[in-house]
Amino acid sequence: AGPGKDADGQECSPLILLRQINEYADQIRKNRIKVRLMLNEGRVSKARTLQRVMEEQKIPPTLLDWKVHNLPFPKAFDLLYTDLTGGNNLLFLDQQGMKFTSDAIFHQVIALERTDFIFFIASSSIRRFQNHPSFKKHLQIPEQISARAFTDTHRAITDYYRNIIPNGSDVLLAPFSLKKRSNIYGVIFGSSHPLGMEKFLRVCWEMDVERGEANFDIDGDSLDPMNPLLFPEWNVTQKLKSFQQDLRGRILDGSVRSDGAVYFDCLQCGMLPKHGKDVIRQLIKSQHIKITSGHQPRVSIAGWKDPRALEVTNNGNF
C-alpha cells in the first residue's frame, strides 16, 4: 500500500481511496453500508508511516472501519481471503513488477463473487525479462508476446490473463496502458458484472477519447481532434473502425443475435455501448436487420438483462 504519501507529499493509493470514500459519505451513512478498508504494506517503516498518516485523517468510525497490516503479501492475501468471500469487494493490488498477480493468485481473485479488482503491472519489465527464472516462477508468459509491437505490450499481458480465465467464467478484463519515458506500464481492471466494467470503461474513454485505452497514441493513428482531417471517416481510429466492421459481420452472420449480446461484446472489446448501438442503427437503417419485438434496441445493462433479438432480413443494401 505504500506510506500514504510519496516523497513530494503527493497522495498515494490509500489516501486516494479514502478521498473517494468520503465523496460518498452521505450515501454510506444513509444506507447504513459497512465499509472496510484493509491495507497491507510489507515494509515495517512504511507500514508505520501509513498507520500514522491514516490516524491523522481522523476518520469517523461511522464511515469506515480500517486497518493497516504489515505482512508479506502471500500471508496478507491468505489472511483476508476468507473475509473477501462474504461481501462486495474492490481489490487493489498496487505492486512493483508482477509477483502479486501470479497465475495462482489471479485464479483465486477471479473466483471471488461480487468482486471488482484492479492491479498495476510493469508490463515492459515482463517483456524484457520474461525468460528469467524469477518471472517464470510467477507467470508462464508465452514467447509470442515479444513478437507484438512494443506499444502493444500491456495489451499482450492482458490477453495472457484473458486466456487463462476458465471457460464459463463471467469475468471481463480491460487494460489501460501508461507510457512513462521508455517504459510501458499499466493497470488491468476486472469485473464479473457488466455494469462494473462499463463504469471503468467510461472513465478510460474520458481519459483517452480516441481509444479509451492509453495515455499515448497506442496505435499511431496521429489524429488531432482540434484539427480534424477533411473527411469524417478519416477521423475514426483503427480500433473503432475494426471493431464496428467486425461487429457488423457477426450480426449479419448470426453470431451476435441480440441487443444484449452487442452490449456484452462492446465491453469485451473495451468499447462503449454507443459504439455498438451505432452499428445496430446503421443495419436497421439499411434494412439488413430488424428488432423482432418491434422496439428500439437497448445496448445497455437493461438489454443484457432482457435482450431483444436482432433478426437478419437480407433485404437491404449498404
# chains A, B, ... in the order shown; residues from 1 in each chain; ligands from 1
call {"tool": "closest_atom_pairs", "arguments": {"of": "stretch 40-133 of chain A", "to": "stretch 199-220 of chain A", "cutoff": "12 Å", "atoms": "only C-alpha atoms", "output": "tab-separated table"}}
result
residue	atom	partner	partner_atom	distance
A:Asp116	CA	A:Phe200	CA	10.2
A:Phe117	CA	A:Phe200	CA	10.8
A:Ile118	CA	A:Phe200	CA	10.1
call {"tool": "atom_distance", "arguments": {"atom1": "atom CA of A:Ser102", "atom2": "atom CA of A:Cys269"}}
result
23.7 Å
call {"tool": "select_by_dssp", "arguments": {"residues": "stretch 23-180 of chain A", "states": "helix (DSSP H, G or I)", "output": "NGL selection string"}}
result
:A and (23 or 25-30 or 44-56 or 73-84 or 99-101 or 103-110 or 123-129 or 133-136 or 143-147 or 150-163)
call {"tool": "residues_around", "arguments": {"residues": "stretch 162-168 of chain A", "least_positions_apart": "5", "cutoff": "12 Å", "atoms": "only C-alpha atoms", "output": "count of residues only"}}
result
26
call {"tool": "closest_residue", "arguments": {"among": "A:Tyr161, A:Phe176, A:Tyr81, A:Phe150", "to": "A:Thr101", "atoms": "only C-alpha atoms"}}
result
A:Tyr161
call {"tool": "closest_residue", "arguments": {"among": "A:Ala149, A:Leu84, A:Val262, A:Leu240", "to": "A:Pro307", "atoms": "only C-alpha atoms"}}
result
A:Val262
call {"tool": "closest_residue", "arguments": {"among": "A:Gly254, A:Pro273, A:Gly2, A:Gly196", "to": "A:Leu93", "atoms": "only C-alpha atoms"}}
result
A:Gly2
call {"tool": "select_by_dssp", "arguments": {"residues": "stretch 39-185 of chain A", "states": "strand (DSSP E or B)", "output": "ChimeraX atom specification"}}
result
/A:39-40,65-69,89-93,115-121,172-180,183-185
call {"tool": "closest_residue", "arguments": {"among": "A:Ala76, A:Val187, A:Ala261, A:Val299", "to": "A:Gly42", "atoms": "only C-alpha atoms"}}
result
A:Ala76
call {"tool": "residues_around", "arguments": {"residues": "A:Thr49", "least_positions_apart": "6", "cutoff": "12 Å", "atoms": "only C-alpha atoms", "output": "list in words"}}
result
Ala1, Gly2, Pro3, Gly4, Lys5, Asp6, Pro14, Glu41, Arg43, Glu55, Glu56, Val68, His69 and Asn70 of chain A
call {"tool": "write_last_selection", "arguments": {"atoms": "N, CA, C and O atoms", "output": "PDB file, in the first residue's frame"}}
result
ATOM      1  N   ALA A   1       0.815  -1.211   0.000  1.00  0.00           N
ATOM      2  CA  ALA A   1       0.000   0.000   0.000  1.00  0.00           C
ATOM      3  C   ALA A   1       0.849   1.261   0.000  1.00  0.00           C
ATOM      4  O   ALA A   1       0.378   2.327  -0.363  1.00  0.00           O
ATOM      5  N   GLY A   2       2.107   1.168   0.445  1.00  0.00           N
ATOM      6  CA  GLY A   2       2.961   2.335   0.494  1.00  0.00           C
ATOM      7  C   GLY A   2       2.730   3.142   1.769  1.00  0.00           C
ATOM      8  O   GLY A   2       1.911   2.788   2.609  1.00  0.00           O
ATOM      9  N   PRO A   3       3.425   4.276   1.905  1.00  0.00           N
ATOM     10  CA  PRO A   3       3.351   5.065   3.132  1.00  0.00           C
ATOM     11  C   PRO A   3       2.203   6.057   3.181  1.00  0.00           C
ATOM     12  O   PRO A   3       2.070   6.808   4.144  1.00  0.00           O
ATOM     13  N   GLY A   4       1.385   6.114   2.148  1.00  0.00           N
ATOM     14  CA  GLY A   4       0.265   7.061   2.131  1.00  0.00           C
ATOM     15  C   GLY A   4       0.540   8.288   1.296  1.00  0.00           C
ATOM     16  O   GLY A   4      -0.345   8.832   0.642  1.00  0.00           O
ATOM     17  N   LYS A   5       1.803   8.768   1.338  1.00  0.00           N
ATOM     18  CA  LYS A   5       2.227   9.905   0.531  1.00  0.00           C
ATOM     19  C   LYS A   5       3.615   9.620  -0.017  1.00  0.00           C
ATOM     20  O   LYS A   5       4.401   8.906   0.607  1.00  0.00           O
ATOM     21  N   ASP A   6       3.906  10.181  -1.193  1.00  0.00           N
ATOM     22  CA  ASP A   6       5.242   9.962  -1.750  1.00  0.00           C
ATOM     23  C   ASP A   6       6.220  11.002  -1.205  1.00  0.00           C
ATOM     24  O   ASP A   6       5.881  11.817  -0.337  1.00  0.00           O
ATOM     25  N   PRO A  14      -3.704   4.670  -0.713  1.00  0.00           N
ATOM     26  CA  PRO A  14      -4.616   4.653   0.442  1.00  0.00           C
ATOM     27  C   PRO A  14      -5.407   5.952   0.608  1.00  0.00           C
ATOM     28  O   PRO A  14      -6.617   5.916   0.866  1.00  0.00           O
ATOM     29  N   GLU A  41       1.115  -3.224   3.914  1.00  0.00           N
ATOM     30  CA  GLU A  41       2.418  -2.752   3.474  1.00  0.00           C
ATOM     31  C   GLU A  41       3.473  -3.667   4.079  1.00  0.00           C
ATOM     32  O   GLU A  41       3.566  -3.786   5.303  1.00  0.00           O
ATOM     33  N   ARG A  43       6.782  -3.520   4.147  1.00  0.00           N
ATOM     34  CA  ARG A  43       7.962  -2.944   4.784  1.00  0.00           C
ATOM     35  C   ARG A  43       7.573  -2.248   6.085  1.00  0.00           C
ATOM     36  O   ARG A  43       6.656  -1.425   6.106  1.00  0.00           O
ATOM     37  N   GLU A  55      -4.136   7.699  10.764  1.00  0.00           N
ATOM     38  CA  GLU A  55      -4.644   8.236  12.026  1.00  0.00           C
ATOM     39  C   GLU A  55      -4.832   9.749  11.945  1.00  0.00           C
ATOM     40  O   GLU A  55      -5.767  10.307  12.532  1.00  0.00           O
ATOM     41  N   GLU A  56      -3.971  10.418  11.200  1.00  0.00           N
ATOM     42  CA  GLU A  56      -4.084  11.876  11.042  1.00  0.00           C
ATOM     43  C   GLU A  56      -5.341  12.291  10.284  1.00  0.00           C
ATOM     44  O   GLU A  56      -5.764  13.450  10.383  1.00  0.00           O
ATOM     45  N   VAL A  68      -4.323  -1.264   9.138  1.00  0.00           N
ATOM     46  CA  VAL A  68      -3.071  -1.420   8.399  1.00  0.00           C
ATOM     47  C   VAL A  68      -2.383  -2.702   8.853  1.00  0.00           C
ATOM     48  O   VAL A  68      -2.138  -2.885  10.049  1.00  0.00           O
ATOM     49  N   HIS A  69      -2.082  -3.574   7.911  1.00  0.00           N
ATOM     50  CA  HIS A  69      -1.344  -4.804   8.186  1.00  0.00           C
ATOM     51  C   HIS A  69       0.100  -4.639   7.722  1.00  0.00           C
ATOM     52  O   HIS A  69       0.380  -3.900   6.768  1.00  0.00           O
ATOM     53  N   ASN A  70       0.999  -5.325   8.383  1.00  0.00           N
ATOM     54  CA  ASN A  70       2.407  -5.339   7.981  1.00  0.00           C
ATOM     55  C   ASN A  70       2.838  -6.796   7.817  1.00  0.00           C
ATOM     56  O   ASN A  70       3.395  -7.407   8.715  1.00  0.00           O
TER      57      ASN A  70
END
call {"tool": "atom_distance", "arguments": {"atom1": "atom CA of A:Gln282", "atom2": "atom CA of A:Asp170"}}
result
29.2 Å
call {"tool": "atom_distance", "arguments": {"atom1": "atom CA of A:Thr115", "atom2": "atom CA of A:Leu90"}}
result
5.8 Å
call {"tool": "residues_around", "arguments": {"residues": "A:Gln57", "least_positions_apart": "2", "cutoff": "12 Å", "atoms": "only C-alpha atoms", "output": "number ranges by chain"}}
result
A: 4, 14-15, 18-19, 22, 50-55, 59-61, 64, 66
call {"tool": "write_last_selection", "arguments": {"atoms": "C-alpha atoms", "output": "JSON list (two decimals), in the first residue's frame"}}
result
[["chain", "number", "residue", "atom", "x", "y", "z"],
["A", 4, "GLY", "CA", 0.26, 7.06, 2.13],
["A", 14, "PRO", "CA", -4.62, 4.65, 0.44],
["A", 15, "LEU", "CA", -5.42, 8.37, 0.65],
["A", 18, "LEU", "CA", -10.12, 7.40, 1.27],
["A", 19, "ARG", "CA", -10.93, 10.54, -0.69],
["A", 22, "ASN", "CA", -15.51, 10.48, 1.53],
["A", 50, "LEU", "CA", 0.97, 4.64, 6.76],
["A", 51, "GLN", "CA", -0.55, 3.94, 10.17],
["A", 52, "ARG", "CA", 0.35, 7.47, 11.31],
["A", 53, "VAL", "CA", -0.93, 9.09, 8.11],
["A", 54, "MET", "CA", -4.24, 7.23, 8.37],
["A", 55, "GLU", "CA", -4.64, 8.24, 12.03],
["A", 59, "ILE", "CA", -11.78, 9.00, 10.00],
["A", 60, "PRO", "CA", -15.19, 8.69, 11.72],
["A", 61, "PRO", "CA", -15.86, 5.05, 12.69],
["A", 64, "LEU", "CA", -15.17, 3.44, 7.73],
["A", 66, "TRP", "CA", -9.83, 0.47, 8.53]]
